[in-house]
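Chemist: Just so it is clear, I am handing over entry.tsv, which has TSV, C-alpha atoms.
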```tsv
chain	number	residue	atom	x	y	z
A	42	MET	CA	-32.14	-7.85	10.32
A	43	VAL	CA	-32.92	-8.07	6.63
A	44	GLU	CA	-30.84	-10.76	4.93
A	45	ARG	CA	-29.63	-9.70	1.50
A	46	GLN	CA	-28.33	-12.26	-0.94
A	47	SER	CA	-24.74	-11.52	-1.80
A	48	PRO	CA	-24.13	-10.50	-5.41
A	49	LEU	CA	-20.84	-12.44	-5.12
A	50	GLU	CA	-22.54	-15.75	-4.30
A	51	PRO	CA	-22.12	-17.49	-7.68
A	52	GLU	CA	-18.39	-16.58	-7.73
A	53	PHE	CA	-17.63	-16.71	-3.98
A	54	HIS	CA	-15.58	-19.91	-3.60
A	55	VAL	CA	-14.22	-20.42	-0.07
A	56	GLY	CA	-10.72	-21.86	0.10
A	57	SER	CA	-7.22	-21.31	-1.27
A	58	HIS	CA	-6.72	-20.42	-4.92
A	59	GLY	CA	-3.99	-19.51	-7.38
A	60	ASN	CA	-0.29	-19.98	-6.66
A	61	PHE	CA	-0.42	-20.79	-2.94
A	62	GLU	CA	2.37	-23.39	-3.02
A	63	HIS	CA	4.54	-21.10	-0.86
A	64	GLY	CA	1.68	-19.72	1.21
A	65	VAL	CA	-1.26	-17.39	0.81
A	66	GLU	CA	-0.44	-13.68	0.57
A	67	ILE	CA	-3.99	-12.32	0.08
A	68	ILE	CA	-7.22	-12.87	2.02
A	69	LEU	CA	-10.44	-11.87	0.25
A	70	THR	CA	-13.85	-11.68	1.85
A	71	GLU	CA	-17.16	-9.86	1.70
A	72	THR	CA	-17.66	-7.91	4.92
A	73	GLY	CA	-21.44	-7.40	4.68
A	74	PRO	CA	-21.98	-4.30	6.85
A	75	GLY	CA	-25.54	-3.71	8.03
A	76	SER	CA	-25.37	-0.02	7.14
A	77	ILE	CA	-23.47	1.94	4.49
A	78	MET	CA	-24.22	5.66	4.42
A	79	GLN	CA	-23.15	8.70	2.45
A	80	LEU	CA	-23.33	12.05	4.20
A	81	ALA	CA	-22.81	15.43	2.57
A	82	ALA	CA	-22.58	18.83	4.24
A	83	TRP	CA	-23.82	22.06	2.74
A	84	PRO	CA	-21.04	24.64	2.23
A	85	GLY	CA	-19.96	26.01	5.61
A	86	GLU	CA	-21.64	23.19	7.56
A	87	GLU	CA	-18.79	20.64	7.42
A	88	LYS	CA	-17.81	20.97	11.09
A	89	LYS	CA	-21.44	20.42	12.20
A	90	LEU	CA	-21.63	17.28	10.05
A	91	ILE	CA	-18.32	15.99	11.45
A	92	ALA	CA	-19.71	16.58	14.96
A	93	ALA	CA	-22.88	14.65	14.02
A	94	ILE	CA	-20.75	11.75	12.75
A	95	ARG	CA	-18.93	11.68	16.09
A	96	THR	CA	-22.24	11.77	17.99
A	97	VAL	CA	-23.65	8.78	16.09
A	98	THR	CA	-20.53	6.64	15.63
A	99	GLY	CA	-18.27	7.70	18.49
A	100	LEU	CA	-15.47	8.20	15.93
A	101	ALA	CA	-13.61	11.53	16.03
A	102	LEU	CA	-13.16	12.10	12.31
A	103	PRO	CA	-10.30	14.36	11.23
A	104	ASP	CA	-11.38	17.34	9.13
A	105	GLY	CA	-10.57	17.06	5.44
A	106	ALA	CA	-11.10	14.83	2.45
A	107	GLY	CA	-9.37	11.47	2.72
A	108	GLY	CA	-9.15	11.43	6.52
A	109	GLY	CA	-10.90	8.64	8.35
A	110	LEU	CA	-11.10	6.14	11.18
A	111	SER	CA	-12.15	2.55	11.73
A	112	ASP	CA	-12.66	0.76	15.04
A	113	GLY	CA	-13.34	-2.66	13.53
A	114	VAL	CA	-17.12	-2.26	13.82
A	115	LYS	CA	-17.73	1.24	12.48
A	116	SER	CA	-15.77	3.06	9.80
A	117	VAL	CA	-15.89	6.58	8.41
A	118	PHE	CA	-13.84	8.49	5.87
A	119	GLY	CA	-14.06	11.66	3.85
A	120	PHE	CA	-13.89	11.11	0.11
A	121	ALA	CA	-14.43	14.68	-1.10
A	122	PRO	CA	-14.78	18.07	0.59
A	123	GLY	CA	-17.76	17.82	2.93
A	124	LYS	CA	-18.65	14.26	1.83
A	125	PHE	CA	-18.25	11.14	3.94
A	126	THR	CA	-18.86	7.40	3.77
A	127	VAL	CA	-19.89	5.72	7.02
A	128	ALA	CA	-20.27	1.96	7.52
A	129	ASP	CA	-21.40	-0.04	10.53
A	130	GLU	CA	-21.78	-3.77	11.10
A	131	ALA	CA	-25.21	-3.06	12.59
A	132	GLU	CA	-28.27	-1.78	10.78
A	133	GLY	CA	-29.95	1.47	11.73
A	134	LEU	CA	-27.41	4.17	10.87
A	135	ALA	CA	-29.91	5.92	8.60
A	136	ASP	CA	-32.36	6.43	11.47
A	137	ALA	CA	-29.60	7.53	13.84
A	138	PHE	CA	-28.23	10.10	11.38
A	139	ALA	CA	-31.71	11.36	10.46
A	140	LYS	CA	-32.09	12.46	14.09
A	141	VAL	CA	-28.91	14.57	14.19
A	142	VAL	CA	-28.26	15.75	10.62
A	143	THR	CA	-30.90	18.38	9.98
A	144	PRO	CA	-31.74	19.63	6.48
A	145	ALA	CA	-29.82	22.81	7.35
A	146	ILE	CA	-26.60	20.81	7.88
A	147	GLY	CA	-26.66	18.47	4.91
A	148	THR	CA	-27.98	15.23	3.45
A	149	VAL	CA	-28.05	11.60	4.53
A	150	THR	CA	-28.27	8.83	1.93
A	151	ASP	CA	-28.61	5.16	2.82
A	152	LEU	CA	-26.53	3.11	0.37
A	153	SER	CA	-26.81	-0.22	2.20
A	154	HIS	CA	-28.96	-1.78	-0.53
A	155	GLY	CA	-26.77	-0.53	-3.37
A	156	ARG	CA	-23.19	-1.23	-2.26
A	157	THR	CA	-21.09	-4.30	-1.60
A	158	ALA	CA	-18.11	-4.21	0.75
A	159	ILE	CA	-15.09	-6.34	-0.19
A	160	ARG	CA	-12.07	-6.72	2.09
A	161	ILE	CA	-8.58	-7.46	0.80
A	162	ALA	CA	-5.87	-8.17	3.35
A	163	GLY	CA	-2.38	-9.57	3.44
A	164	PRO	CA	1.21	-8.62	2.73
A	165	LYS	CA	0.54	-8.22	-1.01
A	166	ALA	CA	-2.72	-6.21	-0.69
A	167	GLU	CA	-1.10	-2.93	-1.77
A	168	TRP	CA	0.54	-4.67	-4.72
A	169	VAL	CA	-2.70	-6.26	-5.94
A	170	LEU	CA	-4.68	-3.02	-5.57
A	171	ALA	CA	-2.01	-1.11	-7.50
A	172	LYS	CA	-2.89	-3.30	-10.50
A	173	PHE	CA	-6.34	-1.67	-10.51
A	174	PHE	CA	-5.95	1.87	-9.25
A	175	ALA	CA	-3.42	4.66	-9.94
A	176	ILE	CA	-3.10	5.43	-6.22
A	177	ASP	CA	-0.08	5.33	-3.93
A	178	PHE	CA	-1.10	2.59	-1.49
A	179	ALA	CA	2.10	2.85	0.60
A	180	LEU	CA	1.33	3.37	4.29
A	181	PRO	CA	2.80	6.90	4.53
A	182	ALA	CA	0.71	8.11	1.56
A	183	PHE	CA	-2.42	6.13	2.49
A	184	PRO	CA	-2.49	5.85	6.31
A	185	VAL	CA	-4.76	3.57	8.32
A	186	GLY	CA	-8.28	5.01	8.38
A	187	ALA	CA	-7.84	7.09	5.24
A	188	GLY	CA	-10.13	6.69	2.26
A	189	ARG	CA	-10.05	7.36	-1.46
A	190	SER	CA	-12.68	7.53	-4.17
A	191	THR	CA	-11.64	6.26	-7.60
A	192	THR	CA	-12.62	4.07	-10.56
A	193	HIS	CA	-11.36	1.00	-12.37
A	194	HIS	CA	-12.69	0.62	-15.92
A	195	ASP	CA	-15.78	2.67	-15.04
A	196	VAL	CA	-16.39	0.71	-11.82
A	197	PHE	CA	-16.66	3.35	-9.09
A	198	ALA	CA	-14.89	2.30	-5.89
A	199	GLN	CA	-14.42	3.81	-2.47
A	200	ILE	CA	-11.43	2.37	-0.65
A	201	GLN	CA	-10.60	2.66	3.04
A	202	ARG	CA	-7.43	1.36	4.64
A	203	THR	CA	-8.69	-0.41	7.77
A	204	GLY	CA	-5.39	-1.99	8.83
A	205	SER	CA	-1.70	-1.83	7.98
A	206	ASP	CA	-2.23	-4.45	5.25
A	207	GLN	CA	-6.02	-4.39	4.96
A	208	PHE	CA	-8.43	-2.40	2.76
A	209	ASP	CA	-12.22	-2.31	2.50
A	210	ILE	CA	-13.55	-1.56	-0.98
A	211	TYR	CA	-17.12	-0.35	-1.53
A	212	VAL	CA	-18.46	-0.94	-5.05
A	213	PHE	CA	-21.89	-0.73	-6.65
A	214	ARG	CA	-23.76	-3.98	-6.08
A	215	SER	CA	-24.42	-4.34	-9.80
A	216	PHE	CA	-20.65	-4.35	-10.52
A	217	ALA	CA	-19.60	-6.35	-7.45
A	218	ARG	CA	-19.42	-9.79	-9.07
A	219	SER	CA	-17.37	-8.55	-12.01
A	220	PHE	CA	-15.01	-6.63	-9.71
A	221	TRP	CA	-14.69	-9.64	-7.39
A	222	LYS	CA	-13.72	-11.91	-10.29
A	223	ALA	CA	-11.10	-9.40	-11.44
A	224	LEU	CA	-9.73	-9.08	-7.89
A	225	CYS	CA	-9.46	-12.87	-7.57
A	226	HIS	CA	-7.70	-13.10	-10.93
A	227	ALA	CA	-5.25	-10.33	-9.95
A	228	SER	CA	-4.46	-12.20	-6.71
A	229	GLU	CA	-3.76	-15.59	-8.34
A	230	GLU	CA	-0.02	-15.15	-8.81
A	231	VAL	CA	0.62	-14.57	-5.09
A	232	GLY	CA	-1.97	-17.05	-3.81
A	233	TYR	CA	-5.22	-16.01	-2.19
A	234	GLU	CA	-7.77	-17.39	0.20
A	235	VAL	CA	-11.47	-16.63	0.19
A	236	GLN	CA	-13.01	-16.60	3.66
```
I'd like the structure from this file rewritten - as structure tokens, please.
Modeler:
Amino acid sequence: MVERQSPLEPEFHVGSHGNFEHGVEIILTETGPGSIMQLAAWPGEEKKLIAAIRTVTGLALPDGAGGGLSDGVKSVFGFAPGKFTVADEAEGLADAFAKVVTPAIGTVTDLSHGRTAIRIAGPKAEWVLAKFFAIDFALPAFPVGAGRSTTHHDVFAQIQRTGSDQFDIYVFRSFARSFWKALCHASEEVGYEVQ
């Protein structure tokens, strides 16, 4: 396994922060998946790509943008018609997908070196994220497994709900430290813990 230095390291301060006098309502961490992939199907080949995703990950992805699944180790979600983000704690997804996604089906792009995965969890996670993104984070509108692609002040972010009060956010590595600092600041008033 190739160890990559976290872009958050200078600002990643483990412990409780902000107004935690009455408890911590947000948990922030960097998840550090071994593989982060983007897959795109050519027009008319979406179902073949979805089948390839199931073959490699074992996750039966629902058809359509925004739909997704997470089993705690692997995650996948559609973020646009025929386009999907796939993450795995283990390395090697690029090689696995290269064997099943032929050039006739679509493209496979390894983003592991260029993305950082940040997890926000806790009873105030929706509330904190709503400070950044004009998205309805309520569970009925953004169900577990679903994903969205959006921006905050020109910082591109892909967000997947991985639990009832938990979200994984994928941002460009070069913007990760700045986004992390903003996320910490936005969490101060409800108390947050960095793990």
Chemist: Which residues, written as a VMD selection string, have at least one atom at most 6 Å from Ala162 of chain A, with all atoms listed in the file counted and residues fewer than 5 positions away on the same chain left out?
Modeler: chain A and resid 67 to 68 206 to 207
Chemist: Please write the residues from the selection above to a file, keeping C-alpha atoms, as a PDB file, in the frame of the given file.
Modeler:
```pdb
ATOM      1  CA  ILE A  67      -3.990 -12.320   0.080  1.00  0.00           C
ATOM      2  CA  ILE A  68      -7.220 -12.870   2.020  1.00  0.00           C
ATOM      3  CA  ASP A 206      -2.230  -4.450   5.250  1.00  0.00           C
ATOM      4  CA  GLN A 207      -6.020  -4.390   4.960  1.00  0.00           C
TER       5      GLN A 207
END
```
Chemist: For segment 93-180 of chain A against segment 188-192 of chain A, with a cut-off of 6 Å and counting only C-alpha atoms, what is the closest atom pair and its distance in Å to one decimal for every residue that makes the cut, ordered by chain and number, as a tab-separated table?
Modeler:
```
residue	atom	partner	partner_atom	distance
A:Gly107	CA	A:Gly188	CA	4.9
A:Phe118	CA	A:Gly188	CA	5.5
A:Phe120	CA	A:Arg189	CA	5.6
```
Chemist: Using only C-alpha atoms, can you tell me which of A:Thr126, A:Ser57, A:Ser228, A:Thr96 comes closest to Glu167 of chain A?
Modeler: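 Of A:Thr126, A:Ser57, A:Ser228, A:Thr96, the one nearest Glu167 of chain A is A:Ser228, counting only C-alpha atoms.
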Chemist: Can you pull out the residues contacting Ala135 of chain A? Cut-off 8 Å, using all atoms listed in the file, and skip same-chain residues under 6 positions away; I want them as an MDAnalysis selection string.
Modeler: chainID A and resid 76 78 149:151
Chemist: Which residues, written as a list in words, have at least one atom at most 6 Å from segment 157-161 of chain A, with all atoms listed in the file counted and residues fewer than 3 positions away on the same chain left out?
Modeler: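 Contacts, in chain order: Ile68, Leu69, Thr70, Glu71, Thr72, Gln207, Phe208, Asp209, Ile210, Tyr211, Val212 and Arg214 of chain A.
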Chemist: Let me make sure I understand: among A:Glu234, A:Glu86, A:Asp104, A:Glu52, which one has the smallest atom-to-atom distance to Ala121 of chain A if we use all atoms listed in the file?
Modeler: A:Asp104
Chemist: Return the single residue from A:Ile176, A:Val55, A:Phe216, A:Ile91 that is closest to Asp195 of chain A, with distances computed using only C-alpha atoms.
Modeler: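 Ranked by minimum distance to Asp195 of chain A, first place goes to A:Phe216.
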Chemist: Rank nothing, just name the residue among A:Val97, A:Lys89, A:Val231, A:Val196 nearest to Asp136 of chain A, using only C-alpha atoms.
Modeler: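 Of the candidates, the smallest distance to Asp136 of chain A is held by A:Val97.
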Chemist: Using all atoms listed in the file, find the one residue out of A:Ser153, A:Thr148, A:Ser219, A:Thr203 that sits nearest to Lys124 of chain A.
Modeler: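 The answer is A:Thr148, which sits nearest to Lys124 of chain A.
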Chemist: Which value, in Å to one decimal, gives the distance between atom CA of Pro84 of chain A and atom CA of Pro103 of chain A?
Modeler: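 Spanning atom CA of Pro84 of chain A to atom CA of Pro103 of chain A is a straight-line distance of 17.4 Å.
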Chemist: Which of these, A:Ala187, A:Ala223, A:Ala82, A:Ala166, has the shortest distance to Ala145 of chain A once you count all atoms listed in the file?
Modeler: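 Smallest separation from Ala145 of chain A among the options: A:Ala82.
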Chemist: Measure the distance from atom CA of Ala106 of chain A to atom CA of Ile94 of chain A in Å and round it to one decimal.
Modeler: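 Rounded to one decimal, the two atoms are 14.4 Å apart.
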Chemist: Expressed in Å to a single decimal, how great is the separation between atom CA of Ala128 of chain A and atom CA of Ser116 of chain A?
Modeler: 5.2 Å
